[in-house]
Every structure is written in C-alpha cells, then in structure tokens.
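Have a look at start-v8.tsv below; it lists TSV, C-alpha atoms.
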```
chain	number	residue	atom	x	y	z
I	569	MET	CA	74.53	107.55	82.75
I	570	PRO	CA	77.10	105.33	84.51
I	571	THR	CA	79.64	106.76	86.94
I	572	LEU	CA	82.48	105.25	88.92
I	573	PHE	CA	80.21	105.13	91.96
I	574	ASP	CA	77.45	103.07	90.36
I	575	ALA	CA	77.02	99.39	91.21
I	576	TYR	CA	77.82	96.73	88.64
I	577	GLN	CA	77.14	93.00	88.34
I	578	ILE	CA	79.79	90.49	87.22
I	579	GLY	CA	78.21	87.05	87.10
I	580	ALA	CA	76.93	86.34	90.58
I	581	LEU	CA	79.20	89.02	92.08
I	582	SER	CA	77.65	92.37	92.97
I	583	LEU	CA	80.16	95.23	92.89
I	584	PRO	CA	79.25	98.35	94.87
I	585	ASN	CA	81.18	100.59	92.47
I	586	ARG	CA	83.14	100.48	89.21
I	587	PHE	CA	86.60	101.01	90.69
I	588	VAL	CA	88.94	98.08	90.02
I	589	MET	CA	92.25	97.77	91.82
I	590	ALA	CA	94.65	96.76	89.06
I	591	PRO	CA	97.15	93.93	89.56
I	592	MET	CA	100.53	95.30	90.68
I	593	THR	CA	103.61	93.16	91.17
I	594	ARG	CA	105.46	94.22	94.32
I	595	ARG	CA	107.75	91.24	95.03
I	596	ARG	CA	107.07	90.96	98.74
I	597	ALA	CA	106.29	87.25	99.09
I	598	ALA	CA	108.39	85.31	101.60
I	599	ASP	CA	110.57	82.25	100.93
I	600	GLY	CA	108.49	79.61	99.20
I	601	LYS	CA	106.57	82.36	97.33
I	602	VAL	CA	104.17	82.58	100.27
I	603	PRO	CA	102.05	85.73	100.80
I	604	THR	CA	102.77	87.35	104.13
I	605	GLU	CA	100.87	89.27	106.80
I	606	LEU	CA	101.87	92.42	104.89
I	607	ALA	CA	99.99	91.16	101.83
I	608	ARG	CA	96.95	90.44	103.97
I	609	LEU	CA	96.98	94.00	105.29
I	610	HIS	CA	97.76	95.55	101.90
I	611	TYR	CA	94.73	94.04	100.17
I	612	ALA	CA	92.38	94.51	103.13
I	613	GLN	CA	93.25	98.23	103.22
I	614	ARG	CA	91.93	98.53	99.64
I	615	ALA	CA	88.71	96.56	100.07
I	616	SER	CA	86.56	99.56	99.11
I	617	ALA	CA	87.37	98.84	95.46
I	618	GLY	CA	84.48	97.32	93.56
I	619	LEU	CA	86.92	94.55	92.65
I	620	ILE	CA	90.53	93.83	93.65
I	621	ILE	CA	92.73	91.90	91.23
I	622	THR	CA	95.83	90.53	92.92
I	623	GLU	CA	99.38	90.93	91.81
I	624	SER	CA	100.65	88.35	89.35
I	625	ILE	CA	100.58	84.88	90.99
I	626	GLU	CA	102.90	82.21	89.59
I	627	VAL	CA	101.47	78.87	88.46
I	628	ASP	CA	104.91	77.44	87.55
I	629	PRO	CA	106.27	75.24	90.36
I	630	PHE	CA	109.82	75.75	89.04
I	631	SER	CA	109.72	79.53	89.48
I	632	GLY	CA	112.23	80.77	92.04
I	633	LEU	CA	111.17	80.24	95.65
I	634	LYS	CA	113.64	82.51	97.47
I	635	GLY	CA	112.05	85.64	98.91
I	636	PRO	CA	111.40	88.45	98.62
I	637	THR	CA	109.75	87.44	95.37
I	638	ARG	CA	106.48	87.17	93.49
I	639	PRO	CA	103.89	84.90	95.14
I	640	GLY	CA	102.77	81.53	93.84
I	641	LEU	CA	99.74	79.27	94.09
I	642	PHE	CA	100.99	75.71	93.70
I	643	THR	CA	101.73	74.66	97.31
I	644	ASP	CA	99.65	74.25	100.46
I	645	ALA	CA	101.60	77.00	102.23
I	646	GLN	CA	100.90	79.45	99.41
I	647	GLN	CA	97.24	78.52	99.39
I	648	GLN	CA	97.01	79.08	103.14
I	649	GLY	CA	98.72	82.45	102.76
I	650	TRP	CA	96.21	83.52	100.13
I	651	GLN	CA	93.32	82.25	102.26
I	652	ALA	CA	94.38	84.69	104.97
I	653	VAL	CA	94.31	87.46	102.34
I	654	THR	CA	90.85	86.61	100.99
I	655	GLU	CA	89.40	86.30	104.48
I	656	ALA	CA	90.77	89.74	105.40
I	657	VAL	CA	89.35	91.31	102.23
I	658	HIS	CA	85.96	89.67	102.75
I	659	ASP	CA	85.91	90.74	106.39
I	660	LYS	CA	86.20	94.32	105.11
I	661	GLY	CA	83.35	93.74	102.63
I	662	GLY	CA	85.56	93.46	99.54
I	663	ARG	CA	85.81	91.17	96.52
I	664	ILE	CA	89.05	89.75	95.12
I	665	PHE	CA	90.19	87.82	92.01
I	666	ALA	CA	93.51	85.96	91.75
I	667	GLN	CA	95.60	86.83	88.70
I	668	LEU	CA	97.26	83.64	87.43
I	669	SER	CA	100.44	83.91	85.38
I	670	HIS	CA	103.53	82.21	83.99
I	671	MET	CA	106.70	84.14	83.13
I	672	GLY	CA	107.60	82.08	80.05
I	673	ARG	CA	110.56	83.67	78.29
I	674	GLY	CA	110.42	86.56	80.77
I	675	ALA	CA	112.18	84.40	83.37
I	676	HIS	CA	115.92	83.79	83.69
I	677	SER	CA	117.51	80.42	84.40
I	678	SER	CA	119.27	81.83	87.47
I	679	GLN	CA	115.84	82.52	89.00
I	680	LEU	CA	114.41	79.02	88.51
I	681	GLU	CA	114.41	75.97	90.74
I	682	ALA	CA	116.32	72.84	89.72
I	683	GLY	CA	114.62	71.32	86.68
I	684	GLY	CA	113.11	74.62	85.57
I	685	ARG	CA	113.63	76.02	82.08
I	686	VAL	CA	113.02	79.31	80.34
I	687	VAL	CA	110.25	78.46	77.86
I	688	GLY	CA	108.12	80.14	75.24
I	689	PRO	CA	105.97	79.54	72.18
I	690	SER	CA	109.04	79.92	69.94
I	691	SER	CA	112.80	80.03	70.45
I	692	ILE	CA	112.86	83.83	70.28
I	693	ALA	CA	114.46	85.80	73.10
I	694	ALA	CA	112.89	88.98	74.39
I	695	ALA	CA	114.73	92.15	73.50
I	696	GLY	CA	116.71	93.93	76.18
I	697	ASN	CA	117.87	92.91	79.64
I	698	ILE	CA	116.39	91.20	82.66
I	699	TYR	CA	117.42	92.17	86.19
I	700	THR	CA	118.89	89.33	88.26
I	701	VAL	CA	120.83	89.03	91.51
I	702	ASN	CA	123.92	89.54	89.37
I	703	GLY	CA	122.57	92.72	87.81
I	704	PRO	CA	121.08	93.26	84.33
I	705	VAL	CA	121.76	90.48	81.81
I	706	PRO	CA	120.31	89.80	78.35
I	707	PHE	CA	117.11	87.77	78.14
I	708	GLU	CA	117.80	84.13	77.35
I	709	THR	CA	116.52	82.29	74.29
I	710	PRO	CA	113.59	80.19	75.51
I	711	VAL	CA	113.03	76.52	74.83
I	712	LYS	CA	110.12	76.12	72.43
I	713	LEU	CA	107.32	74.28	74.20
I	714	ASP	CA	106.19	71.15	72.41
I	715	ILE	CA	102.56	70.02	72.36
I	716	GLY	CA	102.93	67.77	75.38
I	717	GLU	CA	104.71	70.47	77.38
I	718	ILE	CA	101.96	72.95	76.53
I	719	ALA	CA	99.44	70.54	78.04
I	720	VAL	CA	101.53	70.42	81.24
I	721	VAL	CA	101.49	74.22	81.54
I	722	VAL	CA	97.74	74.29	80.91
I	723	GLY	CA	97.41	71.83	83.78
I	724	GLN	CA	99.44	74.14	86.03
I	725	TYR	CA	96.93	76.93	85.41
I	726	ALA	CA	94.09	74.55	86.24
I	727	GLU	CA	95.75	73.47	89.49
I	728	ALA	CA	96.31	77.09	90.52
I	729	ALA	CA	92.67	77.84	89.70
I	730	ARG	CA	91.58	74.92	91.91
I	731	ARG	CA	93.70	76.24	94.75
I	732	ALA	CA	92.36	79.77	94.21
I	733	LYS	CA	88.84	78.51	94.80
I	734	ALA	CA	89.95	76.60	97.90
I	735	ALA	CA	91.66	79.77	99.17
I	736	GLY	CA	88.39	81.69	98.98
I	737	PHE	CA	88.92	83.94	95.98
I	738	ASP	CA	85.84	85.27	94.18
I	739	GLY	CA	87.28	84.44	90.75
I	740	VAL	CA	90.47	84.32	88.71
I	741	GLU	CA	92.06	86.45	86.01
I	742	LEU	CA	94.20	84.86	83.29
I	743	HIS	CA	97.21	87.12	82.76
I	744	GLY	CA	97.51	87.47	78.99
I	745	ALA	CA	99.25	90.86	79.08
I	746	ASN	CA	102.63	92.56	79.54
I	747	GLY	CA	104.85	89.91	77.99
I	748	TYR	CA	103.86	86.95	80.18
I	749	LEU	CA	103.48	83.50	78.61
I	750	ILE	CA	99.90	83.81	77.36
I	751	ASP	CA	100.78	87.17	75.77
I	752	GLN	CA	103.82	85.55	74.16
I	753	PHE	CA	101.49	83.10	72.44
I	754	LEU	CA	98.99	85.81	71.41
I	755	ARG	CA	101.40	88.13	69.56
I	756	ASP	CA	103.21	87.27	66.37
I	757	ALA	CA	106.64	88.73	67.17
I	758	SER	CA	107.08	86.12	69.91
I	759	ASN	CA	104.96	83.31	68.40
I	760	GLN	CA	106.17	82.07	65.04
I	761	ARG	CA	104.91	78.50	65.33
I	762	SER	CA	103.30	76.69	62.41
I	763	ASP	CA	101.24	74.14	64.36
I	764	THR	CA	97.96	74.24	66.28
I	765	TYR	CA	99.26	77.09	68.44
I	766	GLY	CA	100.70	79.42	65.81
I	767	GLY	CA	100.15	81.12	62.48
I	768	SER	CA	96.76	82.82	62.38
I	769	ALA	CA	95.38	84.95	65.22
I	770	GLU	CA	92.87	82.16	65.92
I	771	LYS	CA	95.65	79.60	66.34
I	772	ARG	CA	97.80	81.90	68.46
I	773	ALA	CA	94.79	82.29	70.78
I	774	GLN	CA	94.41	78.52	71.21
I	775	PHE	CA	96.75	78.39	74.21
I	776	LEU	CA	94.58	80.94	76.03
I	777	LEU	CA	91.42	79.07	75.04
I	778	ASP	CA	92.88	75.79	76.31
I	779	ILE	CA	93.71	77.42	79.64
I	780	PHE	CA	90.21	78.87	79.88
I	781	GLU	CA	88.69	75.44	79.27
I	782	ALA	CA	90.91	73.83	81.90
I	783	VAL	CA	90.24	76.56	84.48
I	784	SER	CA	86.50	76.38	83.80
I	785	THR	CA	86.46	72.88	85.30
I	786	HIS	CA	86.90	74.67	88.66
I	787	TRP	CA	85.21	78.03	88.03
I	788	PRO	CA	82.15	79.11	86.03
I	789	ALA	CA	83.01	81.27	83.04
I	790	SER	CA	81.38	84.23	84.78
I	791	SER	CA	84.13	84.05	87.43
I	792	ILE	CA	87.03	84.00	84.94
I	793	GLY	CA	88.52	87.23	83.58
I	794	VAL	CA	91.21	87.74	80.94
I	795	ARG	CA	93.76	90.57	80.76
I	796	VAL	CA	95.47	91.66	77.50
I	797	SER	CA	97.78	94.51	76.48
I	798	PRO	CA	97.56	94.90	72.68
I	799	THR	CA	100.33	97.47	72.19
I	800	ASN	CA	102.46	97.22	75.35
I	801	ASN	CA	106.08	96.60	74.32
I	802	PHE	CA	107.25	95.49	77.78
I	803	GLN	CA	109.72	92.57	77.60
I	804	GLY	CA	110.17	93.08	73.87
I	805	MET	CA	106.55	92.42	72.92
I	806	SER	CA	104.94	93.55	69.67
I	807	ASP	CA	102.48	92.47	67.01
I	808	SER	CA	102.37	93.29	63.31
I	809	ASP	CA	98.63	94.07	63.35
I	810	PRO	CA	97.38	94.54	66.92
I	811	VAL	CA	93.94	95.82	65.90
I	812	SER	CA	93.07	92.79	63.76
I	813	ASN	CA	94.74	90.36	66.17
I	814	PHE	CA	92.95	91.53	69.32
I	815	GLU	CA	89.69	92.09	67.50
I	816	THR	CA	89.85	88.38	66.62
I	817	ILE	CA	90.80	87.41	70.17
I	818	ALA	CA	87.92	89.45	71.58
I	819	ALA	CA	85.50	87.82	69.15
I	820	LEU	CA	86.71	84.37	70.22
I	821	LEU	CA	86.27	85.22	73.91
I	822	SER	CA	82.92	86.97	73.54
I	823	PRO	CA	80.63	83.89	73.45
I	824	LEU	CA	82.34	82.25	76.42
I	825	GLY	CA	80.51	84.31	79.05
I	826	LEU	CA	83.62	85.65	80.79
I	827	ALA	CA	83.49	87.72	83.95
I	828	TYR	CA	85.24	90.46	81.97
I	829	LEU	CA	87.94	91.32	79.45
I	830	HIS	CA	90.59	93.61	80.95
I	831	VAL	CA	92.50	95.78	78.46
I	832	VAL	CA	95.75	97.55	79.35
I	833	GLU	CA	96.12	100.55	77.06
I	834	PRO	CA	96.94	104.20	77.82
I	835	ALA	CA	93.94	106.50	78.02
I	836	VAL	CA	95.83	108.61	75.47
I	837	GLN	CA	97.92	106.51	73.09
I	838	PRO	CA	101.35	107.80	71.97
I	839	ASP	CA	101.55	109.00	68.39
I	840	GLY	CA	101.65	106.17	65.90
I	841	LEU	CA	99.91	103.54	68.04
I	842	PRO	CA	96.32	102.51	67.29
I	843	TYR	CA	93.65	102.63	69.98
I	844	VAL	CA	92.86	98.91	70.02
I	845	ALA	CA	90.27	99.04	72.80
I	846	ILE	CA	87.75	100.49	70.36
I	847	ALA	CA	87.95	97.39	68.15
I	848	ILE	CA	87.86	95.15	71.21
I	849	ARG	CA	84.73	96.87	72.51
I	850	GLU	CA	82.99	96.26	69.19
I	851	SER	CA	83.92	92.55	69.19
I	852	PHE	CA	83.39	91.65	72.85
I	853	ASP	CA	79.90	91.59	74.31
I	854	GLY	CA	80.81	91.09	77.97
I	855	PRO	CA	81.99	93.48	80.69
I	856	LEU	CA	85.07	95.49	79.68
I	857	ILE	CA	87.68	96.91	82.07
I	858	LEU	CA	90.11	99.56	80.84
I	859	ALA	CA	93.42	100.29	82.57
I	860	GLY	CA	95.95	102.92	81.54
I	861	LYS	CA	96.81	105.76	83.92
I	862	TYR	CA	93.25	107.02	84.14
I	863	ASP	CA	92.37	109.92	86.43
I	864	GLN	CA	88.88	110.63	87.70
I	865	ALA	CA	87.89	112.79	84.74
I	866	SER	CA	89.14	110.43	82.02
I	867	ALA	CA	87.66	107.43	83.84
I	868	GLU	CA	84.23	109.04	84.11
I	869	SER	CA	84.44	110.06	80.45
I	870	ALA	CA	85.26	106.50	79.35
I	871	LEU	CA	82.24	105.16	81.24
I	872	LEU	CA	79.96	107.91	79.97
I	873	GLU	CA	81.00	107.32	76.35
I	874	GLY	CA	80.47	103.56	76.67
I	875	LYS	CA	84.13	102.72	76.09
I	876	ALA	CA	84.24	100.60	79.26
I	877	ASP	CA	82.10	99.26	82.09
I	878	LEU	CA	84.75	99.48	84.80
I	879	ILE	CA	88.08	101.30	85.19
I	880	ALA	CA	91.20	99.83	86.78
I	881	PHE	CA	93.59	102.01	88.77
I	882	GLY	CA	97.09	100.86	89.70
I	883	GLU	CA	99.50	103.34	91.26
I	884	LYS	CA	96.63	105.55	92.45
I	885	PHE	CA	95.21	102.63	94.45
I	886	LEU	CA	98.66	101.72	95.75
I	887	ALA	CA	99.25	105.20	97.18
I	888	ASN	CA	95.62	105.86	98.13
I	889	PRO	CA	94.08	102.80	99.79
I	890	ASP	CA	90.74	104.63	100.08
I	891	LEU	CA	90.76	105.84	96.46
I	892	PRO	CA	86.95	105.70	95.93
I	893	GLU	CA	86.39	107.92	98.96
I	894	ARG	CA	89.09	110.36	97.86
I	895	PHE	CA	87.45	110.67	94.46
I	896	ARG	CA	84.05	111.07	96.09
I	897	ARG	CA	85.28	113.92	98.30
I	898	GLY	CA	87.48	115.51	95.66
I	899	ALA	CA	90.39	115.04	98.07
I	900	GLN	CA	94.04	115.40	97.15
I	901	LEU	CA	95.75	112.17	96.10
I	902	THR	CA	98.95	110.92	97.69
I	903	PRO	CA	101.66	110.40	95.05
I	904	PRO	CA	103.24	106.93	94.88
I	905	ASP	CA	106.80	106.41	96.10
I	906	LYS	CA	108.34	104.64	93.11
I	907	ALA	CA	111.57	103.96	94.96
I	908	THR	CA	109.68	101.45	97.16
I	909	PHE	CA	107.79	99.63	94.40
I	910	TYR	CA	109.96	96.49	94.51
I	911	THR	CA	111.64	96.75	97.88
I	912	ASP	CA	110.92	94.59	100.91
I	913	GLY	CA	108.81	95.57	103.90
I	914	ALA	CA	105.92	97.88	104.71
I	915	ALA	CA	107.34	101.08	103.23
I	916	GLY	CA	105.41	102.04	100.12
I	917	TYR	CA	103.13	99.04	100.57
I	918	THR	CA	101.01	99.24	103.73
I	919	ASP	CA	102.04	102.61	105.17
I	920	TYR	CA	100.12	104.91	102.80
I	921	PRO	CA	97.57	106.81	104.91
I	922	ALA	CA	93.82	106.87	104.48
I	923	LEU	CA	91.83	110.07	104.82
I	924	ALA	CA	90.99	111.18	108.33
I	925	ASP	CA	87.33	110.72	109.21
```

Taking this structure as input, can you express it in the form of structure tokens?
Amino acid sequence: MPTLFDAYQIGALSLPNRFVMAPMTRRRAADGKVPTELARLHYAQRASAGLIITESIEVDPFSGLKGPTRPGLFTDAQQQGWQAVTEAVHDKGGRIFAQLSHMGRGAHSSQLEAGGRVVGPSSIAAAGNIYTVNGPVPFETPVKLDIGEIAVVVGQYAEAARRAKAAGFDGVELHGANGYLIDQFLRDASNQRSDTYGGSAEKRAQFLLDIFEAVSTHWPASSIGVRVSPTNNFQGMSDSDPVSNFETIAALLSPLGLAYLHVVEPAVQPDGLPYVAIAIRESFDGPLILAGKYDQASAESALLEGKADLIAFGEKFLANPDLPERFRRGAQLTPPDKATFYTDGAAGYTDYPALAD
C-alpha cells in the first residue's frame, strides 16, 4: 500500500517520495518582480520534497513591478533569477515546477503598470476588499476580455512557459485555483459569458484548454500540471454546482496526459460543502495531488484509500524545511509564524531550523 515515503513517477520525472511542497505566495520578489537570493535559499532548503511547486508567478507584464512583490516570468532578469533558484534546487537533488498565474479581477489598478487593466471573463467585481498601499479598498469591476484579448493572455502564459523551460524548471503548473484568472473563467459566479468561453462547464473550461495547448508547444503534457479549488471562496469565488462543474473539467483534462491534477480542498470539508475531490478522482485518470491542511495521519489515509497519489503541504513545509525527515522520525513540527507570511526579509522565510543531525 502506498505511503508518503514511496517513490512516484510523473512523466519522465522520478519523485523519491510523495510529499509535494504546495505553492505559497510570500511577496518577497525584488523590484522588477525578480526572485532574490532569499528565494534561491528558501526553495533549496526544501529540496527533500518529492516535488516543489513555486509560489504564484505572474505572466502579466503589466502587473506591478515595485518590490517587495510577487515574482514574474516575462523578463530576462526574472528568468535569470529563477534559473538561480532551479540550479540551487537541483544541486540539492530536488525537482521544481513553476506555477504560472494571472491575477485577473483579483488585481487593483493602483498595483498595475501604465497600460495595465483589471480584467476578467465578465464585468463582475469580486466581493469584499483588496489590500493596497492605501489600505483595504473594494475590488474593482474588471474589464471583460474580448476574444482577441483572451488570445493575448493565452500568449502570455505560453511565453512564461517558454521562459520556465529556459530557466531550468522541471515542469509548469497552470494556476486555476483560488480566484486567479483561470479560476474566474471556470466558475459560473464570475463567468457569465455567452460566447465560446462561457455558458456550459465545457465552454468555461475552454480558456484553460487554450492555455494548455499553447503551453504544450514548449512542454510535453506530462510536464504540465493544473491546480483547481472547487469550493474555495477566496476573492469572492463560487459556483452553483461545483461537483458537476469540476467533474466535467476533470473529464476534459483526463485524456490530455497531464503531469497531475492538483485539487485544493480541506481534508475535512465544512458542513454544507460537497467533497468534490471524490468526483474528480472518478473522472480523472492521471496523477492526483490533494492539498488542504493535511497532517501525517490524514495524508497517509488519503493515499491508502486511493483518494490521491501525492499530498501537498503548505504551511508545514514553510515552517519545517525538512518536513519528510520530521515525519519519518516522528519529530515535533515547528509552527509557522503567520505574522511574517507577507513581510520582507528572511524572517519566517529562510530562518526556520532543520532538525539537528
């Protein structure tokens, strides 16, 4: 029976264990959205993961460039910064995918470069507030992308994927979760289009499928992952029928030969929310990663019951860079310092200790 410590094969990539380091935005890129020496150290410290998935990397060249901020992958300087990261991870024997994303309506005009716009599948603002340099302000109503503009964004993903390969990544993950642009197209509360990209679940998935096709000109399908979050309401997201919707999406992705499908869903769902990962598992034939505050016991149980092939850990990997070894030894875990999640510098990023030998 599979355990977290068993090897696993994703395409041509051999993973020594089934621990995945989940993508975690930490807003520590320098001016120009360039990864720093701190990022190089941060990822290298966690190279014992079977697979590392980076924090969300912007494909939109109009996203704000002033640091500290989220990193990008659309300039030579950014590519060089990520190359230093991948080389450090590989030197430690690790494997790393780049998570490619676009904020869509989750951005604010004050954060964008000249010429940038807040965009989305429909002119529907996210509920709630966004935090800016001027404090919390309501989300703005996005400009509805037209067909030609959608093609431009698809091209931005393809360019970032090309640069990811040049930077030495082992693959890429398309960020279709947590209220980012792909997710905005996938769910019907944010996508109320009536054209090729809206209406049925199949049409709402077309944007993701177009991006996959464009990215696959640079990467084999077996090196492309997709992340989704069927019931996450972050940034005002929702869907009227998440089980049917994501069952359809999984069925559309299944024959493509993806590296994996990565599902963000709590190990124990709150009352009233369906457990969508079950339907996804039945509709998707490829490798499945589950993420959702798993501990060692619940992770091992999910693998044993066939609910997943790999388990992603976020905050536990942040605070415990040697998480696989801690689980192996039954060692106490260091709790994460949430106050440092989005601050600048090494604190709460590269200063978490590993176990003493």

With only C-alpha atoms as the atoms that count, which of I:Ala734, I:Ala719, I:Ala769, I:Ala870 lies nearest to Glu781 (chain I)?
->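 Using only C-alpha atoms, Glu781 (chain I) sits closest to I:Ala719.
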
Do you have the CA of Ala773 (chain I)-CA of Gly688 (chain I) distance handy?
->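 So the answer is 14.2 Å.
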
With all atoms listed in the file as the basis for distance, which of I:Gly913, I:Pro838, I:Gly736, I:Gly854 is at the shortest distance from Arg663 (chain I)?
-> I:Gly736

Nearest to Ile848 (chain I) among I:Pro904, I:Ser812, I:Ala827, I:Gln864, with distances taken over only C-alpha atoms: which residue is it?
->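 Comparing I:Pro904, I:Ser812, I:Ala827, I:Gln864 against Ile848 (chain I), the winner is I:Ser812.
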
Atom pair CA of Lys712 (chain I) + CA of Gly674 (chain I), distance 13.4 Å

Show which residues sit within 12 Å of Asp807 (chain I), as a list in words. Count only C-alpha atoms, and ignore same-chain residues fewer than 2 positions away.
->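 Using only C-alpha atoms, the neighbours found are Gly747, Asp751, Gln752, Phe753, Leu754, Arg755, Asp756, Ala757, Ser758, Asn759, Gln760, Ala769, Arg772, Ser797, Pro798, Thr799, Asn800, Asn801, Gly804, Met805, Asp809, Pro810, Val811, Ser812, Asn813, Phe814, Leu841, Pro842 and Val844 of chain I.
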
Pick out the closest residue to Phe885 (chain I) from this set: I:Ala615, I:Ala782, I:Leu826, I:Ile846. Count all atoms listed in the file.
->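 With all atoms listed in the file as the atom set, the closest residue is I:Ala615.
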
Best match for closeness to Pro603 (chain I) among I:Thr918, I:Ser791, I:Gln648, I:Thr700, counting only C-alpha atoms = I:Gln648

How many Å lie between CA of Val705 (chain I) and CA of Ser677 (chain I), rounded to one decimal?
->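 Separating CA of Val705 (chain I) from CA of Ser677 (chain I) is a distance of 11.2 Å.
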
Would you kindly return, as a ChimeraX atom specification, each protein, DNA or RNA residue with an atom no farther than 12 Å from any atom of Gly632 (chain I), considering all atoms listed in the file and excluding same-chain residues fewer than 2 positions away?
-> /I:595,597-602,626-630,634-640,670-671,675-686,700-701

So, counting all atoms listed in the file, which residue among I:Leu886, I:Leu821, I:Ala859, I:Ala835 is closest to Arg594 (chain I)?
->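 So, comparing all the options, the nearest one is I:Leu886.
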
Can you tell me, as number ranges by chain, which residues sit within 6 Å of (112.7, 80.2, 76.5) in the file's frame, using only C-alpha atoms?
-> I: 673, 686-688, 709-711

For Leu856 (chain I), please output as a list in words all residues within 7 Å (counting only C-alpha atoms; exclusion window: fewer than 4 positions along the same chain).
->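 Surrounding residues, per the criterion: Tyr828, Leu829, His830, Ala876, Asp877 and Leu878 of chain I.
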